[in-house]
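Report on the following structure.
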Amino acid sequence: MQQHAQSPRREIKLPTHAAREFDYETELVIVFGRECRDVSEADALDYVAGYATGNDFSARDLQTLTSQFMIGKTSDGFAPLGPYLVTADRVPDPNNLRLVTKVNGAVRQDWTTADMIFNCRQLISFASKVMTIKPGDIFYTGTPQGVIFGEKIPRAERQWLKPGDAVVSSLEGLGELHFTLV
């Protein structure tokens with residue numbers, strides 16, 4: 001019988017003293033291998049070293065306190081990444097990878113990276129016009145629909161993530177990222 005290695009499991013301690021509306025965002029993460037500044041969309045993927053699975057985990061109530069979203073994304077342990085860095089040559093089309101999020105075993109997102117608003121070439125080209133991207137920098141690309149924040153029910157009725165929930169983020173060919181909320 002063949003045994004499969006499981007990805008590392010980690011915990012994220014929720015800042016429940018400051019927030020209550022916790023949400024997942026499985027995302028493709030781009031890792032840069034070359035300095036990147038003012039690149040065209042046509043050349044954008046030439047600057048990529050590889051890709052990984054990430055979760056841009058968010059505290060939505062903190063995120064929406066002001067017009068600046070950053071505070072809702074910066075708590076300790078947020079933005080988990082892994083379990084692997086897959087080199088760019090092993091990912092023929094980063095804009096066509098199946099993306100799945102499960103919470104306590106239930107599928108919450110099941111789309112592809114083609115469903116994102118902007119593709120990888122567009123994101124890299126635009127960002128490189130605003131800043132110089134250095135080797136080793138990482139870029140969370142955004143997520144398709146299916147996050148709790150986007151549900152079409154009143155905010156107070158949404159089932160936000162809570163301590164004890166287990167989240168699995170996976171991207172085709174990049175591995176599964178497992179974490180439990182505490």
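By convention here, the chains of the structure tokens are called A, B, ... in the order presented, each chain's residues are numbered starting at 1, and ligands are numbered starting at 1 in the order presented.
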Legend entry - Polymer residues at most 8 Å from Gly82 of chain A, only C-alpha atoms, same-chain spacing of 2 or more positions, as number ranges by chain: A: 52-54, 80, 84-85, 175-177
How would the residues just picked look written out with N, CA and C atoms as a PDB file, in the first residue's frame?
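The result, written out as out.pdb:
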```pdb
ATOM      1  N   ALA A  52       2.956  28.697  -5.175  1.00  0.00           N
ATOM      2  CA  ALA A  52       2.580  27.964  -3.967  1.00  0.00           C
ATOM      3  C   ALA A  52       1.100  28.201  -3.680  1.00  0.00           C
ATOM      4  N   THR A  53       0.572  27.390  -2.789  1.00  0.00           N
ATOM      5  CA  THR A  53      -0.788  27.562  -2.286  1.00  0.00           C
ATOM      6  C   THR A  53      -0.731  28.500  -1.091  1.00  0.00           C
ATOM      7  N   GLY A  54      -1.652  29.453  -1.047  1.00  0.00           N
ATOM      8  CA  GLY A  54      -1.720  30.371   0.081  1.00  0.00           C
ATOM      9  C   GLY A  54      -3.156  30.596   0.501  1.00  0.00           C
ATOM     10  N   PRO A  80      -1.039  32.074   5.711  1.00  0.00           N
ATOM     11  CA  PRO A  80      -0.234  30.859   5.637  1.00  0.00           C
ATOM     12  C   PRO A  80       0.068  30.509   4.180  1.00  0.00           C
ATOM     13  N   TYR A  84       4.419  23.553  -0.473  1.00  0.00           N
ATOM     14  CA  TYR A  84       5.539  23.452  -1.397  1.00  0.00           C
ATOM     15  C   TYR A  84       5.694  24.733  -2.195  1.00  0.00           C
ATOM     16  N   LEU A  85       6.904  24.932  -2.708  1.00  0.00           N
ATOM     17  CA  LEU A  85       7.157  25.902  -3.768  1.00  0.00           C
ATOM     18  C   LEU A  85       7.399  25.061  -5.010  1.00  0.00           C
ATOM     19  N   GLY A 175      -0.245  21.384  -4.057  1.00  0.00           N
ATOM     20  CA  GLY A 175      -0.374  20.817  -2.716  1.00  0.00           C
ATOM     21  C   GLY A 175      -1.485  21.444  -1.902  1.00  0.00           C
ATOM     22  N   GLU A 176      -1.728  20.817  -0.770  1.00  0.00           N
ATOM     23  CA  GLU A 176      -2.773  21.255   0.160  1.00  0.00           C
ATOM     24  C   GLU A 176      -2.155  21.906   1.379  1.00  0.00           C
ATOM     25  N   LEU A 177      -2.719  23.025   1.750  1.00  0.00           N
ATOM     26  CA  LEU A 177      -2.327  23.770   2.934  1.00  0.00           C
ATOM     27  C   LEU A 177      -3.392  23.522   3.993  1.00  0.00           C
TER      28      LEU A 177
END
```
Legend entry - Contacts of segment 92-100 of chain A within 9 Å, only C-alpha atoms, excl. fewer than 6 positions in-chain, as a ChimeraX atom specification: /A:26-28,51,107-116,119-121,143-144,168-173
Inset, instruction - Would you mind reading off the distance between atom CA of Gln159 of chain A and atom CA of Tyr24 of chain A, one decimal, in Å? - result: 11.9 Å
Inset, instruction - Give me every helix (DSSP H, G or I) residue in segment 43-79 of chain A, going by DSSP on the backbone, as a list in words. - result: Ala44, Leu45, Asp46, Tyr47, Arg60, Asp61, Leu62, Gln63, Met70, Ile71, Gly72 and Lys73 of chain A
Inset, instruction - Would you list the contacts of Gly50 of chain A as a list in words, taking every protein, DNA or RNA residue within 9 Å and counting only C-alpha atoms, but skipping same-chain residues closer than 6 positions in sequence? - result: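 Final neighbour list, sorted by chain and number: Val29, Ile30, Val31, Phe32, Gly33, Leu85, Val86, Thr87, Ala88, Asp89, Arg90 and Val91 of chain A.
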Deliver the residues from the most recent selection as a file, using all heavy atoms, as a JSON list (two decimals), in the first residue's frame.
```json
[["chain", "number", "residue", "atom", "x", "y", "z"],
["A", 29, "VAL", "N", -0.16, 31.81, -5.03],
["A", 29, "VAL", "CA", 0.91, 32.72, -4.61],
["A", 29, "VAL", "C", 2.04, 32.62, -5.63],
["A", 29, "VAL", "O", 2.50, 31.53, -5.95],
["A", 29, "VAL", "CB", 1.42, 32.37, -3.20],
["A", 29, "VAL", "CG1", 2.58, 33.29, -2.80],
["A", 29, "VAL", "CG2", 0.28, 32.49, -2.18],
["A", 30, "ILE", "N", 2.46, 33.78, -6.12],
["A", 30, "ILE", "CA", 3.57, 33.87, -7.06],
["A", 30, "ILE", "C", 4.83, 34.19, -6.26],
["A", 30, "ILE", "O", 4.82, 35.10, -5.43],
["A", 30, "ILE", "CB", 3.31, 34.97, -8.10],
["A", 30, "ILE", "CG1", 2.05, 34.67, -8.92],
["A", 30, "ILE", "CG2", 4.53, 35.17, -9.00],
["A", 30, "ILE", "CD1", 1.58, 35.84, -9.78],
["A", 31, "VAL", "N", 5.91, 33.47, -6.54],
["A", 31, "VAL", "CA", 7.21, 33.75, -5.93],
["A", 31, "VAL", "C", 8.15, 34.20, -7.04],
["A", 31, "VAL", "O", 8.32, 33.50, -8.04],
["A", 31, "VAL", "CB", 7.76, 32.51, -5.20],
["A", 31, "VAL", "CG1", 9.11, 32.84, -4.55],
["A", 31, "VAL", "CG2", 6.77, 31.99, -4.16],
["A", 32, "PHE", "N", 8.75, 35.36, -6.87],
["A", 32, "PHE", "CA", 9.59, 35.94, -7.91],
["A", 32, "PHE", "C", 11.02, 35.45, -7.83],
["A", 32, "PHE", "O", 11.56, 35.26, -6.75],
["A", 32, "PHE", "CB", 9.53, 37.47, -7.85],
["A", 32, "PHE", "CG", 8.20, 38.00, -8.27],
["A", 32, "PHE", "CD1", 7.17, 38.17, -7.36],
["A", 32, "PHE", "CD2", 7.95, 38.27, -9.60],
["A", 32, "PHE", "CE1", 5.93, 38.61, -7.76],
["A", 32, "PHE", "CE2", 6.70, 38.72, -10.02],
["A", 32, "PHE", "CZ", 5.69, 38.89, -9.10],
["A", 33, "GLY", "N", 11.63, 35.28, -9.01],
["A", 33, "GLY", "CA", 13.01, 34.81, -9.08],
["A", 33, "GLY", "C", 13.97, 35.85, -9.64],
["A", 33, "GLY", "O", 15.18, 35.68, -9.52],
["A", 85, "LEU", "N", 6.90, 24.93, -2.71],
["A", 85, "LEU", "CA", 7.16, 25.90, -3.77],
["A", 85, "LEU", "C", 7.40, 25.06, -5.01],
["A", 85, "LEU", "O", 8.34, 24.26, -5.05],
["A", 85, "LEU", "CB", 8.38, 26.76, -3.47],
["A", 85, "LEU", "CG", 8.87, 27.63, -4.63],
["A", 85, "LEU", "CD1", 7.81, 28.64, -5.03],
["A", 85, "LEU", "CD2", 10.17, 28.33, -4.27],
["A", 86, "VAL", "N", 6.53, 25.20, -5.99],
["A", 86, "VAL", "CA", 6.64, 24.45, -7.24],
["A", 86, "VAL", "C", 7.23, 25.38, -8.29],
["A", 86, "VAL", "O", 6.71, 26.47, -8.52],
["A", 86, "VAL", "CB", 5.26, 23.91, -7.69],
["A", 86, "VAL", "CG1", 5.38, 23.15, -9.00],
["A", 86, "VAL", "CG2", 4.67, 23.00, -6.60],
["A", 87, "THR", "N", 8.33, 24.96, -8.91],
["A", 87, "THR", "CA", 9.02, 25.83, -9.86],
["A", 87, "THR", "C", 8.13, 26.12, -11.07],
["A", 87, "THR", "O", 7.29, 25.31, -11.46],
["A", 87, "THR", "CB", 10.34, 25.22, -10.32],
["A", 87, "THR", "OG1", 10.10, 23.93, -10.88],
["A", 87, "THR", "CG2", 11.32, 25.10, -9.15],
["A", 88, "ALA", "N", 8.34, 27.30, -11.64],
["A", 88, "ALA", "CA", 7.49, 27.79, -12.73],
["A", 88, "ALA", "C", 7.48, 26.84, -13.92],
["A", 88, "ALA", "O", 6.45, 26.70, -14.58],
["A", 88, "ALA", "CB", 7.96, 29.18, -13.16],
["A", 89, "ASP", "N", 8.59, 26.16, -14.18],
["A", 89, "ASP", "CA", 8.64, 25.25, -15.33],
["A", 89, "ASP", "C", 7.73, 24.05, -15.15],
["A", 89, "ASP", "O", 7.41, 23.36, -16.11],
["A", 89, "ASP", "CB", 10.08, 24.80, -15.60],
["A", 89, "ASP", "CG", 10.68, 24.00, -14.46],
["A", 89, "ASP", "OD1", 10.53, 24.41, -13.29],
["A", 89, "ASP", "OD2", 11.32, 22.97, -14.73],
["A", 90, "ARG", "N", 7.26, 23.79, -13.92],
["A", 90, "ARG", "CA", 6.37, 22.65, -13.64],
["A", 90, "ARG", "C", 4.90, 23.06, -13.61],
["A", 90, "ARG", "O", 4.03, 22.25, -13.35],
["A", 90, "ARG", "CB", 6.76, 21.99, -12.33],
["A", 90, "ARG", "CG", 8.24, 21.72, -12.31],
["A", 90, "ARG", "CD", 8.86, 20.50, -11.86],
["A", 90, "ARG", "NE", 8.20, 19.42, -11.26],
["A", 90, "ARG", "CZ", 8.23, 18.19, -11.76],
["A", 90, "ARG", "NH1", 8.81, 17.97, -12.92],
["A", 90, "ARG", "NH2", 7.70, 17.20, -11.12],
["A", 91, "VAL", "N", 4.64, 24.34, -13.88],
["A", 91, "VAL", "CA", 3.27, 24.87, -13.89],
["A", 91, "VAL", "C", 3.04, 25.48, -15.28],
["A", 91, "VAL", "O", 3.32, 26.67, -15.49],
["A", 91, "VAL", "CB", 3.05, 25.91, -12.77],
["A", 91, "VAL", "CG1", 1.61, 26.42, -12.78],
["A", 91, "VAL", "CG2", 3.40, 25.32, -11.41]]
```
Inset, instruction - Compile the contact shell of Tyr47 of chain A as a list in words: residues with an atom at most 9 Å away, counting only C-alpha atoms, same-chain residues fewer than 3 positions apart removed. - result: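 My reading of the contact set: Val31, Phe32, Gly33, Arg34, Glu35, Cys36, Asp43, Ala44, Ile124 and Pro135 of chain A.
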Legend entry - Nearest to Phe179 of chain A by atom-to-atom distance, counting only C-alpha atoms, from A:Val167, A:Leu45, A:Ala156, A:Ala79: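 So, comparing all the options, the nearest one is A:Val167.
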Within 10 Å of Lys162 of chain A, counting only C-alpha atoms, which residues qualify if same-chain residues fewer than 2 places away don't, as a PDB file with all heavy atoms, in the first residue's frame?
```pdb
ATOM      1  N   LEU A  14      -6.679  32.849  16.585  1.00  0.00           N
ATOM      2  CA  LEU A  14      -7.562  33.953  16.190  1.00  0.00           C
ATOM      3  C   LEU A  14      -7.515  35.077  17.223  1.00  0.00           C
ATOM      4  O   LEU A  14      -7.584  34.820  18.423  1.00  0.00           O
ATOM      5  CB  LEU A  14      -9.000  33.448  16.051  1.00  0.00           C
ATOM      6  CG  LEU A  14      -9.226  32.376  14.989  1.00  0.00           C
ATOM      7  CD1 LEU A  14     -10.671  31.905  15.012  1.00  0.00           C
ATOM      8  CD2 LEU A  14      -8.849  32.901  13.610  1.00  0.00           C
ATOM      9  N   THR A  16      -9.522  36.849  18.829  1.00  0.00           N
ATOM     10  CA  THR A  16     -10.943  36.981  19.164  1.00  0.00           C
ATOM     11  C   THR A  16     -11.230  38.147  20.108  1.00  0.00           C
ATOM     12  O   THR A  16     -12.382  38.560  20.229  1.00  0.00           O
ATOM     13  CB  THR A  16     -11.482  35.674  19.779  1.00  0.00           C
ATOM     14  OG1 THR A  16     -10.662  35.320  20.893  1.00  0.00           O
ATOM     15  CG2 THR A  16     -11.474  34.554  18.747  1.00  0.00           C
ATOM     16  N   ARG A  20     -14.293  39.137  15.151  1.00  0.00           N
ATOM     17  CA  ARG A  20     -15.219  37.997  15.190  1.00  0.00           C
ATOM     18  C   ARG A  20     -15.519  37.427  13.806  1.00  0.00           C
ATOM     19  O   ARG A  20     -16.015  36.323  13.688  1.00  0.00           O
ATOM     20  CB  ARG A  20     -16.555  38.415  15.812  1.00  0.00           C
ATOM     21  CG  ARG A  20     -16.483  38.836  17.246  1.00  0.00           C
ATOM     22  CD  ARG A  20     -16.530  37.635  18.182  1.00  0.00           C
ATOM     23  NE  ARG A  20     -16.496  38.034  19.575  1.00  0.00           N
ATOM     24  CZ  ARG A  20     -15.386  38.134  20.292  1.00  0.00           C
ATOM     25  NH1 ARG A  20     -14.227  37.907  19.756  1.00  0.00           N
ATOM     26  NH2 ARG A  20     -15.434  38.479  21.564  1.00  0.00           N
ATOM     27  N   GLU A  21     -15.261  38.188  12.749  1.00  0.00           N
ATOM     28  CA  GLU A  21     -15.657  37.784  11.394  1.00  0.00           C
ATOM     29  C   GLU A  21     -14.444  37.279  10.603  1.00  0.00           C
ATOM     30  O   GLU A  21     -13.841  38.000   9.815  1.00  0.00           O
ATOM     31  CB  GLU A  21     -16.325  38.958  10.666  1.00  0.00           C
ATOM     32  CG  GLU A  21     -17.608  39.406  11.331  1.00  0.00           C
ATOM     33  CD  GLU A  21     -18.235  40.619  10.658  1.00  0.00           C
ATOM     34  OE1 GLU A  21     -17.624  41.228   9.738  1.00  0.00           O
ATOM     35  OE2 GLU A  21     -19.361  40.970  11.059  1.00  0.00           O
ATOM     36  N   PHE A  22     -14.111  36.005  10.807  1.00  0.00           N
ATOM     37  CA  PHE A  22     -12.927  35.411  10.183  1.00  0.00           C
ATOM     38  C   PHE A  22     -13.313  34.668   8.905  1.00  0.00           C
ATOM     39  O   PHE A  22     -14.334  33.986   8.847  1.00  0.00           O
ATOM     40  CB  PHE A  22     -12.229  34.472  11.171  1.00  0.00           C
ATOM     41  CG  PHE A  22     -11.801  35.189  12.422  1.00  0.00           C
ATOM     42  CD1 PHE A  22     -12.502  35.013  13.612  1.00  0.00           C
ATOM     43  CD2 PHE A  22     -10.731  36.061  12.396  1.00  0.00           C
ATOM     44  CE1 PHE A  22     -12.130  35.689  14.760  1.00  0.00           C
ATOM     45  CE2 PHE A  22     -10.345  36.746  13.547  1.00  0.00           C
ATOM     46  CZ  PHE A  22     -11.043  36.561  14.731  1.00  0.00           C
ATOM     47  N   ASP A  23     -12.465  34.803   7.874  1.00  0.00           N
ATOM     48  CA  ASP A  23     -12.802  34.326   6.535  1.00  0.00           C
ATOM     49  C   ASP A  23     -11.554  33.750   5.859  1.00  0.00           C
ATOM     50  O   ASP A  23     -10.432  34.169   6.128  1.00  0.00           O
ATOM     51  CB  ASP A  23     -13.347  35.505   5.724  1.00  0.00           C
ATOM     52  CG  ASP A  23     -14.192  35.120   4.526  1.00  0.00           C
ATOM     53  OD1 ASP A  23     -14.333  33.924   4.224  1.00  0.00           O
ATOM     54  OD2 ASP A  23     -14.716  36.058   3.881  1.00  0.00           O
ATOM     55  N   GLN A 159     -22.009  32.482   8.599  1.00  0.00           N
ATOM     56  CA  GLN A 159     -21.315  31.563   9.487  1.00  0.00           C
ATOM     57  C   GLN A 159     -19.812  31.786   9.357  1.00  0.00           C
ATOM     58  O   GLN A 159     -19.127  31.105   8.594  1.00  0.00           O
ATOM     59  CB  GLN A 159     -21.685  30.108   9.146  1.00  0.00           C
ATOM     60  CG  GLN A 159     -23.152  29.785   9.352  1.00  0.00           C
ATOM     61  CD  GLN A 159     -23.572  29.954  10.797  1.00  0.00           C
ATOM     62  OE1 GLN A 159     -22.956  29.406  11.698  1.00  0.00           O
ATOM     63  NE2 GLN A 159     -24.626  30.728  11.023  1.00  0.00           N
ATOM     64  N   TRP A 160     -19.309  32.759  10.099  1.00  0.00           N
ATOM     65  CA  TRP A 160     -17.886  33.086  10.068  1.00  0.00           C
ATOM     66  C   TRP A 160     -17.081  31.948  10.679  1.00  0.00           C
ATOM     67  O   TRP A 160     -17.604  31.165  11.486  1.00  0.00           O
ATOM     68  CB  TRP A 160     -17.640  34.388  10.830  1.00  0.00           C
ATOM     69  CG  TRP A 160     -18.385  35.549  10.251  1.00  0.00           C
ATOM     70  CD1 TRP A 160     -19.549  36.094  10.722  1.00  0.00           C
ATOM     71  CD2 TRP A 160     -18.051  36.290   9.085  1.00  0.00           C
ATOM     72  NE1 TRP A 160     -19.948  37.135   9.920  1.00  0.00           N
ATOM     73  CE2 TRP A 160     -19.039  37.281   8.902  1.00  0.00           C
ATOM     74  CE3 TRP A 160     -16.997  36.226   8.165  1.00  0.00           C
ATOM     75  CZ2 TRP A 160     -19.016  38.195   7.850  1.00  0.00           C
ATOM     76  CZ3 TRP A 160     -16.970  37.142   7.123  1.00  0.00           C
ATOM     77  CH2 TRP A 160     -17.964  38.106   6.967  1.00  0.00           C
ATOM     78  N   GLY A 164     -11.555  26.008  16.380  1.00  0.00           N
ATOM     79  CA  GLY A 164     -11.905  24.609  16.169  1.00  0.00           C
ATOM     80  C   GLY A 164     -12.112  24.254  14.710  1.00  0.00           C
ATOM     81  O   GLY A 164     -12.057  23.075  14.342  1.00  0.00           O
ATOM     82  N   ASP A 165     -12.361  25.243  13.854  1.00  0.00           N
ATOM     83  CA  ASP A 165     -12.554  24.962  12.432  1.00  0.00           C
ATOM     84  C   ASP A 165     -11.238  24.540  11.787  1.00  0.00           C
ATOM     85  O   ASP A 165     -10.174  25.073  12.110  1.00  0.00           O
ATOM     86  CB  ASP A 165     -13.104  26.189  11.700  1.00  0.00           C
ATOM     87  CG  ASP A 165     -14.580  26.445  11.982  1.00  0.00           C
ATOM     88  OD1 ASP A 165     -15.267  25.531  12.488  1.00  0.00           O
ATOM     89  OD2 ASP A 165     -15.046  27.561  11.686  1.00  0.00           O
ATOM     90  N   ALA A 166     -11.337  23.581  10.868  1.00  0.00           N
ATOM     91  CA  ALA A 166     -10.190  23.111  10.092  1.00  0.00           C
ATOM     92  C   ALA A 166     -10.367  23.568   8.651  1.00  0.00           C
ATOM     93  O   ALA A 166     -11.418  23.328   8.047  1.00  0.00           O
ATOM     94  CB  ALA A 166     -10.098  21.595  10.165  1.00  0.00           C
ATOM     95  N   THR A 180      -5.680  24.724  11.384  1.00  0.00           N
ATOM     96  CA  THR A 180      -6.791  24.677  12.328  1.00  0.00           C
ATOM     97  C   THR A 180      -6.796  25.997  13.081  1.00  0.00           C
ATOM     98  O   THR A 180      -5.751  26.557  13.411  1.00  0.00           O
ATOM     99  CB  THR A 180      -6.598  23.516  13.335  1.00  0.00           C
ATOM    100  OG1 THR A 180      -6.507  22.302  12.585  1.00  0.00           O
ATOM    101  CG2 THR A 180      -7.759  23.423  14.305  1.00  0.00           C
ATOM    102  N   LEU A 181      -7.986  26.487  13.349  1.00  0.00           N
ATOM    103  CA  LEU A 181      -8.140  27.748  14.058  1.00  0.00           C
ATOM    104  C   LEU A 181      -8.265  27.486  15.553  1.00  0.00           C
ATOM    105  O   LEU A 181      -9.005  26.598  15.975  1.00  0.00           O
ATOM    106  CB  LEU A 181      -9.369  28.499  13.538  1.00  0.00           C
ATOM    107  CG  LEU A 181      -9.368  28.699  12.019  1.00  0.00           C
ATOM    108  CD1 LEU A 181     -10.672  29.345  11.572  1.00  0.00           C
ATOM    109  CD2 LEU A 181      -8.175  29.522  11.588  1.00  0.00           C
ATOM    110  N   VAL A 182      -7.535  28.247  16.327  1.00  0.00           N
ATOM    111  CA  VAL A 182      -7.585  28.098  17.794  1.00  0.00           C
ATOM    112  C   VAL A 182      -7.853  29.450  18.437  1.00  0.00           C
ATOM    113  O   VAL A 182      -7.693  30.486  17.823  1.00  0.00           O
ATOM    114  CB  VAL A 182      -6.284  27.492  18.382  1.00  0.00           C
ATOM    115  CG1 VAL A 182      -6.126  26.060  17.897  1.00  0.00           C
ATOM    116  CG2 VAL A 182      -5.063  28.310  18.041  1.00  0.00           C
TER     117      VAL A 182
END
```
Legend entry - Nearest to Ile12 of chain A, chosen from A:Leu174, A:Asp76, A:Phe139, A:Thr132, with only C-alpha atoms counted in the distances: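 Closest to Ile12 of chain A, using only C-alpha atoms: A:Asp76.
Proximity to Gly142 of chain A was assessed for A:Phe126, A:Phe118, A:Phe78, A:Phe69 counting only C-alpha atoms; the smallest distance is recorded for A:Phe118.
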Legend entry - Coordinates-based distance that separates atom CA of Ser128 of chain A from atom CA of Arg37 of chain A (Å, one decimal):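 Atom-to-atom, atom CA of Arg37 of chain A to atom CA of Ser128 of chain A, that is 4.6 Å.
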Legend entry - Proximity to Gln145 of chain A - best of A:Ala18, A:Ile117, A:Ala106, A:Ala59, only C-alpha atoms: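 Once distances to Gln145 of chain A are computed over only C-alpha atoms, the minimum belongs to A:Ile117.
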Inset, instruction - Identify all residues of segment 45-114 of chain A in strand (DSSP E or B) (DSSP on the backbone) and supply them as a ChimeraX atom specification. - result: /A:48-55,58-59,81,86-87,98-103,106-112
Put those residues in a file: N, CA and C atoms, as an mmCIF file, in the first residue's frame.
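Below is the file that was written, selection_8.cif:
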```cif
data_model
loop_
_atom_site.group_PDB
_atom_site.id
_atom_site.type_symbol
_atom_site.label_atom_id
_atom_site.label_comp_id
_atom_site.auth_asym_id
_atom_site.auth_seq_id
_atom_site.Cartn_x
_atom_site.Cartn_y
_atom_site.Cartn_z
ATOM 1 N N VAL A 48 8.974 34.843 -12.811
ATOM 2 C CA VAL A 48 8.447 33.981 -11.753
ATOM 3 C C VAL A 48 9.382 32.800 -11.503
ATOM 4 N N ALA A 49 9.751 32.598 -10.237
ATOM 5 C CA ALA A 49 10.538 31.426 -9.846
ATOM 6 C C ALA A 49 9.627 30.223 -9.648
ATOM 7 N N GLY A 50 8.447 30.464 -9.056
ATOM 8 C CA GLY A 50 7.537 29.361 -8.800
ATOM 9 C C GLY A 50 6.237 29.827 -8.177
ATOM 10 N N TYR A 51 5.447 28.829 -7.775
ATOM 11 C CA TYR A 51 4.108 29.086 -7.263
ATOM 12 C C TYR A 51 3.865 28.233 -6.017
ATOM 13 N N ALA A 52 2.956 28.697 -5.175
ATOM 14 C CA ALA A 52 2.580 27.964 -3.967
ATOM 15 C C ALA A 52 1.100 28.201 -3.680
ATOM 16 N N THR A 53 0.572 27.390 -2.789
ATOM 17 C CA THR A 53 -0.788 27.562 -2.286
ATOM 18 C C THR A 53 -0.731 28.500 -1.091
ATOM 19 N N GLY A 54 -1.652 29.453 -1.047
ATOM 20 C CA GLY A 54 -1.720 30.371 0.081
ATOM 21 C C GLY A 54 -3.156 30.596 0.501
ATOM 22 N N ASN A 55 -3.317 31.167 1.664
ATOM 23 C CA ASN A 55 -4.638 31.554 2.134
ATOM 24 C C ASN A 55 -4.515 32.962 2.710
ATOM 25 N N SER A 58 -8.452 36.397 6.602
ATOM 26 C CA SER A 58 -8.856 37.769 6.921
ATOM 27 C C SER A 58 -9.790 37.841 8.115
ATOM 28 N N ALA A 59 -9.654 38.934 8.865
ATOM 29 C CA ALA A 59 -10.638 39.314 9.884
ATOM 30 C C ALA A 59 -11.448 40.438 9.241
ATOM 31 N N LEU A 81 1.174 29.801 3.988
ATOM 32 C CA LEU A 81 1.706 29.526 2.665
ATOM 33 C C LEU A 81 2.325 28.137 2.658
ATOM 34 N N VAL A 86 6.527 25.200 -5.993
ATOM 35 C CA VAL A 86 6.635 24.446 -7.240
ATOM 36 C C VAL A 86 7.234 25.381 -8.289
ATOM 37 N N THR A 87 8.334 24.961 -8.913
ATOM 38 C CA THR A 87 9.018 25.834 -9.862
ATOM 39 C C THR A 87 8.126 26.119 -11.070
ATOM 40 N N ARG A 98 -7.059 24.284 -10.769
ATOM 41 C CA ARG A 98 -8.234 24.096 -9.914
ATOM 42 C C ARG A 98 -7.894 24.562 -8.507
ATOM 43 N N LEU A 99 -8.813 25.306 -7.909
ATOM 44 C CA LEU A 99 -8.662 25.878 -6.578
ATOM 45 C C LEU A 99 -9.834 25.409 -5.727
ATOM 46 N N VAL A 100 -9.534 24.810 -4.573
ATOM 47 C CA VAL A 100 -10.588 24.290 -3.695
ATOM 48 C C VAL A 100 -10.294 24.720 -2.256
ATOM 49 N N THR A 101 -11.344 25.155 -1.570
ATOM 50 C CA THR A 101 -11.272 25.429 -0.134
ATOM 51 C C THR A 101 -12.297 24.542 0.557
ATOM 52 N N LYS A 102 -11.846 23.887 1.617
ATOM 53 C CA LYS A 102 -12.762 23.098 2.446
ATOM 54 C C LYS A 102 -12.679 23.606 3.878
ATOM 55 N N VAL A 103 -13.846 23.674 4.527
ATOM 56 C CA VAL A 103 -13.920 24.026 5.936
ATOM 57 C C VAL A 103 -14.615 22.876 6.636
ATOM 58 N N ALA A 106 -16.262 20.367 4.345
ATOM 59 C CA ALA A 106 -17.267 20.831 3.383
ATOM 60 C C ALA A 106 -16.616 21.763 2.364
ATOM 61 N N VAL A 107 -16.893 21.544 1.085
ATOM 62 C CA VAL A 107 -16.327 22.379 0.021
ATOM 63 C C VAL A 107 -16.990 23.755 0.055
ATOM 64 N N ARG A 108 -16.169 24.786 0.110
ATOM 65 C CA ARG A 108 -16.649 26.176 0.119
ATOM 66 C C ARG A 108 -16.302 26.908 -1.169
ATOM 67 N N GLN A 109 -15.178 26.557 -1.767
ATOM 68 C CA GLN A 109 -14.777 27.133 -3.051
ATOM 69 C C GLN A 109 -14.345 25.977 -3.938
ATOM 70 N N ASP A 110 -14.751 25.988 -5.198
ATOM 71 C CA ASP A 110 -14.326 24.991 -6.175
ATOM 72 C C ASP A 110 -14.368 25.662 -7.546
ATOM 73 N N TRP A 111 -13.285 26.317 -7.893
ATOM 74 C CA TRP A 111 -13.188 27.107 -9.107
ATOM 75 C C TRP A 111 -11.835 26.840 -9.736
ATOM 76 N N THR A 112 -11.443 27.690 -10.659
ATOM 77 C CA THR A 112 -10.075 27.640 -11.173
ATOM 78 C C THR A 112 -9.507 29.051 -11.113
#
```
Inset, instruction - For atom CA of Asp46 of chain A and atom CA of Lys129 of chain A, quote the distance in Å rounded to one decimal. - result: 15.8 Å
